[in-house]
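With TSV, C-alpha atoms and all ligand atoms inside, this is entry-v4.tsv:
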chain	number	residue	atom	x	y	z
O	1	MET	CA	0.00	0.00	0.00
O	2	ALA	CA	1.38	3.37	-0.98
O	3	PRO	CA	1.26	6.16	1.59
O	4	ILE	CA	-0.43	9.47	0.85
O	5	ARG	CA	1.20	12.82	1.43
O	6	THR	CA	-0.82	15.86	2.43
O	7	GLY	CA	-0.57	19.23	4.14
O	8	ALA	CA	-1.44	18.81	7.83
O	9	VAL	CA	-1.80	20.68	11.12
O	10	LEU	CA	-1.27	18.77	14.36
O	11	LEU	CA	-4.21	19.47	16.65
O	12	ARG	CA	-3.73	17.05	19.51
O	13	ALA	CA	-1.24	14.44	20.64
O	14	HIS	CA	-1.07	11.90	23.42
O	15	ASP	CA	1.20	9.03	24.40
O	16	TYR	CA	0.30	5.52	23.39
O	17	GLY	CA	1.98	2.36	24.65
O	18	ASP	CA	5.64	2.52	25.61
O	19	SER	CA	7.07	4.46	22.77
O	20	SER	CA	4.32	5.66	20.44
O	21	ARG	CA	2.04	8.63	20.18
O	22	ILE	CA	-1.46	9.09	18.80
O	23	LEU	CA	-1.62	12.27	16.75
O	24	ARG	CA	-4.74	13.96	15.47
O	25	PHE	CA	-4.15	16.04	12.36
O	26	TYR	CA	-6.43	18.16	10.24
O	27	THR	CA	-5.24	17.51	6.72
O	28	GLU	CA	-5.66	19.25	3.43
O	29	GLY	CA	-6.68	16.18	1.45
O	30	HIS	CA	-8.35	13.89	3.98
O	31	GLY	CA	-9.87	16.07	6.69
O	32	LEU	CA	-9.37	14.93	10.26
O	33	LEU	CA	-6.99	11.97	10.57
O	34	SER	CA	-5.89	10.10	13.67
O	35	VAL	CA	-2.52	8.46	13.20
O	36	VAL	CA	-0.22	6.40	15.32
O	37	ALA	CA	3.43	7.44	15.25
O	38	ARG	CA	5.45	4.44	16.38
O	39	GLY	CA	8.71	4.65	18.22
O	40	VAL	CA	8.82	8.43	18.43
O	41	ARG	CA	9.24	8.68	22.20
O	42	GLY	CA	12.36	6.67	22.88
O	43	ARG	CA	15.81	8.25	22.97
O	44	SER	CA	16.31	7.12	19.42
O	45	GLY	CA	12.91	8.52	18.42
O	46	LYS	CA	13.09	10.87	15.54
O	47	GLY	CA	11.22	14.08	15.13
O	48	THR	CA	9.69	14.32	18.62
O	49	ALA	CA	10.41	18.03	18.78
O	50	THR	CA	8.36	18.67	15.66
O	51	MET	CA	5.32	16.84	17.05
O	52	ALA	CA	4.14	19.77	19.14
O	53	THR	CA	0.55	20.93	18.93
O	54	PHE	CA	-0.16	23.32	16.03
O	55	ALA	CA	2.94	22.18	14.13
O	56	THR	CA	2.21	22.45	10.43
O	57	GLY	CA	3.82	20.57	7.58
O	58	GLN	CA	3.60	17.62	5.24
O	59	LEU	CA	2.24	14.36	6.61
O	60	THR	CA	2.97	11.06	4.95
O	61	VAL	CA	0.57	8.39	6.16
O	62	PHE	CA	-0.76	4.97	5.28
O	63	VAL	CA	-4.53	5.48	5.15
O	64	LYS	CA	-6.67	2.37	5.49
O	65	ALA	CA	-10.26	2.55	4.37
O	66	HIS	CA	-12.91	2.16	7.09
O	67	ARG	CA	-10.37	2.55	9.89
O	68	ASP	CA	-10.24	5.22	12.56
O	69	LEU	CA	-6.53	4.98	13.20
O	70	HIS	CA	-3.89	5.16	10.49
O	71	THR	CA	-0.15	4.68	10.52
O	72	MET	CA	2.18	7.64	10.15
O	73	LYS	CA	5.23	7.24	7.99
O	74	ASP	CA	6.68	10.69	8.38
O	75	PHE	CA	5.87	14.27	9.34
O	76	GLU	CA	7.97	16.99	7.79
O	77	CYS	CA	7.37	20.09	9.88
O	78	THR	CA	7.49	23.42	8.04
O	79	SER	CA	6.27	25.60	10.90
O	80	LEU	CA	6.60	24.82	14.60
O	81	ARG	CA	4.62	27.90	15.63
O	82	HIS	CA	6.81	28.84	18.56
O	83	GLY	CA	5.05	32.20	18.67
O	84	LEU	CA	1.86	30.57	19.92
O	85	GLY	CA	3.47	28.94	22.92
O	86	SER	CA	4.98	32.11	24.36
O	87	ASP	CA	1.75	34.01	24.93
O	88	VAL	CA	-1.24	32.68	26.86
O	89	LEU	CA	-3.85	34.60	24.84
O	90	ARG	CA	-2.43	33.46	21.49
O	91	PHE	CA	-2.11	29.90	22.79
O	92	THR	CA	-5.69	29.82	24.08
O	93	GLY	CA	-7.00	31.30	20.81
O	94	ALA	CA	-5.15	28.67	18.80
O	95	SER	CA	-6.44	25.99	21.19
O	96	ALA	CA	-10.00	27.17	20.60
O	97	ALA	CA	-9.46	26.92	16.84
O	98	ALA	CA	-8.09	23.38	17.25
O	99	GLU	CA	-10.92	22.37	19.58
O	100	LEU	CA	-13.52	23.73	17.17
O	101	VAL	CA	-12.07	21.80	14.25
O	102	LEU	CA	-11.76	18.61	16.34
O	103	SER	CA	-15.30	18.88	17.64
O	104	HIS	CA	-16.92	19.34	14.28
O	105	ALA	CA	-14.75	18.14	11.42
O	106	GLU	CA	-15.30	14.36	11.80
O	107	GLN	CA	-13.76	12.63	8.83
O	108	GLU	CA	-15.37	14.42	5.93
O	109	THR	CA	-13.41	17.23	4.35
O	110	HIS	CA	-14.74	20.74	4.16
O	111	PRO	CA	-13.42	22.75	1.22
O	112	GLY	CA	-11.50	25.74	2.52
O	113	LEU	CA	-11.31	24.53	6.11
O	114	PHE	CA	-7.63	23.58	5.97
O	115	GLU	CA	-6.71	26.95	4.49
O	116	ALA	CA	-8.87	28.75	7.06
O	117	LEU	CA	-7.18	26.84	9.89
O	118	VAL	CA	-3.66	27.56	8.65
O	119	LYS	CA	-4.47	31.23	8.11
O	120	ALA	CA	-6.09	31.52	11.56
O	121	LEU	CA	-3.01	30.04	13.25
O	122	ASP	CA	-0.63	32.15	11.14
O	123	ASP	CA	-2.53	35.32	11.97
O	124	ILE	CA	-2.92	34.56	15.69
O	125	GLU	CA	0.81	33.86	15.92
O	126	VAL	CA	1.95	37.18	14.49
O	127	ALA	CA	-0.85	39.66	15.34
O	128	PRO	CA	0.30	42.81	17.14
O	129	MET	CA	-0.41	42.67	20.88
O	130	SER	CA	-3.40	45.02	20.66
O	131	ASP	CA	-5.00	43.00	17.84
O	132	ARG	CA	-4.81	39.57	19.40
O	133	ALA	CA	-8.45	39.29	20.56
O	134	GLY	CA	-9.83	40.52	17.22
O	135	THR	CA	-7.54	38.24	15.25
O	136	ILE	CA	-8.72	35.25	17.29
O	137	LEU	CA	-12.38	36.22	16.68
O	138	ALA	CA	-11.72	36.54	12.94
O	139	GLY	CA	-10.01	33.14	12.88
O	140	LEU	CA	-12.85	31.41	14.72
O	141	TRP	CA	-15.53	33.02	12.54
O	142	THR	CA	-13.76	32.02	9.32
O	143	LEU	CA	-13.58	28.42	10.57
O	144	THR	CA	-17.30	28.56	11.35
O	145	GLU	CA	-17.95	29.86	7.85
O	146	ALA	CA	-15.78	27.12	6.34
O	147	PHE	CA	-18.01	24.59	8.12
O	148	GLY	CA	-20.92	26.16	6.23
O	149	PHE	CA	-22.56	27.94	9.15
O	150	ALA	CA	-22.07	31.66	8.59
O	151	PRO	CA	-24.73	33.77	10.28
O	152	GLN	CA	-26.99	35.88	8.10
O	153	ILE	CA	-26.40	39.55	8.94
O	154	ASP	CA	-27.36	41.61	5.89
O	155	GLY	CA	-30.98	40.68	5.41
O	156	CYS	CA	-33.47	40.08	8.21
O	157	ILE	CA	-33.57	36.36	9.00
O	158	ARG	CA	-37.35	36.57	9.51
O	159	CYS	CA	-38.78	38.86	6.81
O	160	GLY	CA	-35.81	39.17	4.44
O	161	GLU	CA	-35.81	42.97	4.55
O	162	VAL	CA	-32.34	44.49	4.12
O	163	LEU	CA	-31.27	46.17	7.35
O	164	GLU	CA	-30.78	49.94	7.01
O	165	ASP	CA	-27.47	51.43	8.06
O	166	THR	CA	-29.05	52.89	11.18
O	167	ASP	CA	-31.16	49.87	12.17
O	168	VAL	CA	-30.55	48.23	15.50
O	169	GLY	CA	-31.63	44.63	15.14
O	170	ARG	CA	-31.40	41.64	17.37
O	171	PHE	CA	-29.53	38.45	16.83
O	172	ASP	CA	-31.89	35.49	16.59
O	173	LEU	CA	-29.63	32.65	17.72
O	174	ALA	CA	-32.01	29.82	16.90
O	175	ALA	CA	-32.60	31.11	13.38
O	176	GLY	CA	-28.92	31.88	12.86
O	177	GLY	CA	-29.04	35.52	11.86
O	178	VAL	CA	-30.07	39.09	12.54
O	179	ARG	CA	-33.67	40.31	12.76
O	180	CYS	CA	-34.55	43.77	11.49
O	181	GLN	CA	-35.84	46.42	13.88
O	182	ALA	CA	-39.51	45.67	13.15
O	183	CYS	CA	-39.08	41.94	13.68
O	184	SER	CA	-37.01	42.50	16.84
O	185	GLU	CA	-39.79	43.78	19.05
O	186	ALA	CA	-40.72	40.41	20.49
O	187	ALA	CA	-37.25	38.90	20.20
O	188	ALA	CA	-34.86	38.36	23.08
O	189	GLY	CA	-31.46	37.86	21.42
O	190	PRO	CA	-28.51	40.22	21.82
O	191	ARG	CA	-28.84	43.66	20.22
O	192	VAL	CA	-26.73	44.20	17.12
O	193	GLY	CA	-26.42	47.74	15.89
O	194	PRO	CA	-24.89	48.87	12.60
O	195	GLY	CA	-21.39	49.02	14.13
O	196	ALA	CA	-21.55	45.49	15.46
O	197	ARG	CA	-22.87	44.19	12.12
O	198	ARG	CA	-20.08	45.92	10.21
O	199	GLN	CA	-17.51	44.47	12.60
O	200	LEU	CA	-19.02	41.00	12.33
O	201	ARG	CA	-19.05	41.20	8.53
O	202	ALA	CA	-15.31	41.97	8.53
O	203	LEU	CA	-14.53	39.21	11.03
O	204	LEU	CA	-16.37	36.68	8.86
O	205	ARG	CA	-14.08	37.66	5.99
O	206	GLY	CA	-11.12	37.04	8.27
O	207	GLU	CA	-10.38	40.76	8.50
O	208	LEU	CA	-9.80	42.86	11.57
O	209	PRO	CA	-12.19	45.83	11.64
O	210	PRO	CA	-10.13	48.92	12.49
O	211	ASP	CA	-12.66	50.08	15.09
O	212	LEU	CA	-13.26	46.68	16.67
O	213	SER	CA	-14.68	47.04	20.16
O	214	HIS	CA	-16.50	44.89	22.71
O	215	THR	CA	-14.52	41.79	21.93
O	216	ARG	CA	-16.05	40.00	24.95
O	217	GLN	CA	-19.53	40.51	23.56
O	218	HIS	CA	-18.38	39.36	20.14
O	219	LEU	CA	-16.94	36.25	21.76
O	220	ALA	CA	-20.17	35.59	23.69
O	221	LEU	CA	-22.15	35.84	20.44
O	222	LEU	CA	-19.74	33.45	18.69
O	223	GLU	CA	-19.96	31.03	21.61
O	224	ASP	CA	-23.77	31.05	21.57
O	225	PHE	CA	-23.88	30.73	17.79
O	226	LEU	CA	-21.54	27.72	17.85
O	227	ALA	CA	-23.58	26.10	20.62
O	228	TYR	CA	-26.77	26.45	18.59
O	229	HIS	CA	-25.51	25.45	15.18
O	230	VAL	CA	-22.11	23.85	15.08
O	231	ILE	CA	-21.06	21.88	18.15
O	232	SER	CA	-22.81	19.61	20.60
O	233	LYS	CA	-20.93	20.64	23.74
O	234	PRO	CA	-19.23	23.90	24.73
O	235	LEU	CA	-15.55	24.38	23.92
O	236	LYS	CA	-13.45	24.61	27.08
O	237	SER	CA	-10.94	26.99	25.58
O	238	LEU	CA	-13.67	29.52	24.72
O	239	ARG	CA	-14.43	29.90	28.45
O	240	PHE	CA	-10.76	30.61	29.10
O	241	LEU	CA	-10.64	33.08	26.24
O	242	GLY	CA	-13.50	35.07	27.73
O	243	ASP	CA	-11.44	35.69	30.85
O	244	LEU	CA	-8.41	36.73	28.83
O	245	PHE	CA	-10.14	39.19	26.51
O	246	PRO	CA	-9.91	42.86	27.49
O	247	ARG	CA	-12.63	44.30	29.69
O	248	GLU	CA	-14.65	47.23	28.36
O	249	ALA	CA	-17.64	49.20	29.53
O	250	VAL	CA	-20.78	47.29	28.59
O	251	VAL	CA	-22.44	49.44	25.93
O	252	ALA	CA	-23.77	47.97	22.73
O	253	PRO	CA	-21.60	49.11	19.81
O	301	ZN	ZN	-37.58	41.62	9.60

Rewrite the structure of this file - the entire thing - as structure tokens.
Amino acid sequence: MAPIRTGAVLLRAHDYGDSSRILRFYTEGHGLLSVVARGVRGRSGKGTATMATFATGQLTVFVKAHRDLHTMKDFECTSLRHGLGSDVLRFTGASAAAELVLSHAEQETHPGLFEALVKALDDIEVAPMSDRAGTILAGLWTLTEAFGFAPQIDGCIRCGEVLEDTDVGRFDLAAGGVRCQACSEAAAGPRVGPGARRQLRALLRGELPPDLSHTRQHLALLEDFLAYHVISKPLKSLRFLGDLFPREAVVAP
């Protein structure tokens, strides 16, 4: 059997037996793959240093059909992502991205998800200090979009009316989008004014809005949206992130 070679990001690793490790990769060609790397932990083990979480590179693996665990031949690391390990906010943001992909990706591939994951990790690693929270939000929203679950924010989710630039709507979590002002009267979701919608639109494109504010509220919205539409149980690292994001006065943007 010939091995396949594919771009891959290491999302999780744990020891297995005396000398092996189980590695969970998100791969470009085959989605989420669990592989066993044999003999990598002994003194003679090769490549242990490059097996750190978030390491990105080329994975060569023997993939067996209808199996959950495959056998790694080789992992050629092109980026170790040291920058993520030296900063707790960056590390937690990257962990949230990994947890999101692990909790939803299963084995099917989602077009664009690999690229979105690599870009999110790249951006989180190098963002200026003041942009870290926004960069993490943008990364997590682009992953959500790559899963096919982007929220609807331009037209009202209930009546379809395009929201005016001055409209303050409400986010309808169950429906997965924003309600216009008229449809918001009886709704209970979080308020989303024009500023918040503009910011959310940019984040969904993976861009950092220059005036981004209220990152904690943005994170709470993302967390609720994921809980409703994407994942079956809350992501632990999102809770951590909430505590690490900057505090601001609570005023709707
Ligand atoms: Zn409406």

Report as JSON lines the residues of chain O within 7 Å of ligand ZN 301 (chain O), each with its shortest atom pair and distance in Å (one decimal), using only C-alpha atoms and all ligand atoms, ordered by chain and increasing residue number.
{"residue": "O:Cys156", "atom": "CA", "partner": "O:ZN301", "partner_atom": "ZN", "distance": 4.6}
{"residue": "O:Ile157", "atom": "CA", "partner": "O:ZN301", "partner_atom": "ZN", "distance": 6.6}
{"residue": "O:Arg158", "atom": "CA", "partner": "O:ZN301", "partner_atom": "ZN", "distance": 5.1}
{"residue": "O:Cys159", "atom": "CA", "partner": "O:ZN301", "partner_atom": "ZN", "distance": 4.1}
{"residue": "O:Gly160", "atom": "CA", "partner": "O:ZN301", "partner_atom": "ZN", "distance": 6.0}
{"residue": "O:Glu161", "atom": "CA", "partner": "O:ZN301", "partner_atom": "ZN", "distance": 5.5}
{"residue": "O:Arg179", "atom": "CA", "partner": "O:ZN301", "partner_atom": "ZN", "distance": 5.2}
{"residue": "O:Cys180", "atom": "CA", "partner": "O:ZN301", "partner_atom": "ZN", "distance": 4.2}
{"residue": "O:Gln181", "atom": "CA", "partner": "O:ZN301", "partner_atom": "ZN", "distance": 6.7}
{"residue": "O:Ala182", "atom": "CA", "partner": "O:ZN301", "partner_atom": "ZN", "distance": 5.7}
{"residue": "O:Cys183", "atom": "CA", "partner": "O:ZN301", "partner_atom": "ZN", "distance": 4.4}

What is the distance, in Å and to one decimal place, between atom CA of O:Pro3 and atom CA of O:Val61?
-> 5.1 Å

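Once O:Phe62 and its same-chain neighbours fewer than 2 positions away are set aside, Met1, Ala2, Pro3, Ile4, Arg5, Thr6, His30, Leu33, Ser34, Val35, Val36, Ala37, Leu59, Thr60, Lys64, Ala65, Arg67, Asp68, Leu69, His70, Thr71, Met72, Lys73 and Asp74 of chain O remain within 12 Å of it when counting only C-alpha atoms.
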
Between atom CA of O:Thr142 and atom CA of O:Ser237, what is the distance, to one decimal in Å?
-> 17.3 Å

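Our summary of the geometry notes that atom CA of O:Pro210 is positioned 14.6 Å from atom CA of O:Ile136.
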
Taking all atoms of stretch 52-61 of chain O that the file lists and extending 8 Å past them on each side, where is the centre of the axis-aligned box and how long are its edges? Answer in Å to one decimal, as lines of an AutoDock Vina configuration file.
center_x = 2.0
center_y = 15.9
center_z = 12.0
size_x = 20.3
size_y = 30.9
size_z = 30.2

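Each of O:Gly39, O:Gly139, O:Gly17, O:Pro151 was checked against O:Arg90 using only C-alpha atoms; the smallest atom-to-atom distance is that of O:Gly139.
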
Using all atoms listed in the file, determine which residues lie at most 8 Å from O:Glu106, disregarding the query and same-chain residues fewer than 3 positions distant; provide the list as a list of chain:residue names.
->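 The residues satisfying every condition are O:Gly31, O:Leu32, O:Leu102, O:Ser103.
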
Top pick for closest residue to O:Arg170, considering O:Pro194, O:Tyr228, O:Glu108, O:Phe147 and counting all atoms listed in the file = O:Pro194

Restricting the calculation to all atoms listed in the file, which member of O:Ser130, O:Ser213, O:Ser79, O:Ser184 is positioned closest to O:Phe171?
->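 Of the candidates, the smallest distance to O:Phe171 is held by O:Ser184.
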
Option closest in space to O:Lys233, from O:Arg38, O:His66, O:His104, O:Arg247 [counting only C-alpha atoms] =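 With only C-alpha atoms as the atom set, the closest residue is O:His104.
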
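Closest approach to O:His218 from the set O:Ala133, O:Val63, O:Ala186, O:Val101 is made by O:Ala133, with distances taken over only C-alpha atoms.
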
Skip O:Ala13 itself and residues of its chain fewer than 5 positions away, then list as a PyMOL selection string all residues within 9 Å of it, counting only C-alpha atoms.
-> chain O and resi 21-25+51-53

List the neighbours of O:Arg191 out to 12 Å using all atoms listed in the file; skip same-chain residues closer than 4 positions along the sequence, and give me the result as an NGL selection string.
-> :O and (167-173 or 177-181 or 184-185 or 187 or 195-197 or 217-218 or 221 or 251-253)

Looking at all atoms listed in the file, which of O:Glu28, O:Asp154, O:Glu248, O:Glu76 is the one that sits closest to O:Val118?
->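 So, comparing all the options, the nearest one is O:Glu28.
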
Tell me which protein, DNA and RNA residues are within 12 Å of O:Ser232, counting all atoms listed in the file, leaving out same-chain ones fewer than 2 positions away, and put them as a PyMOL selection string.
-> chain O and resi 100+102-104+223-230+234-235
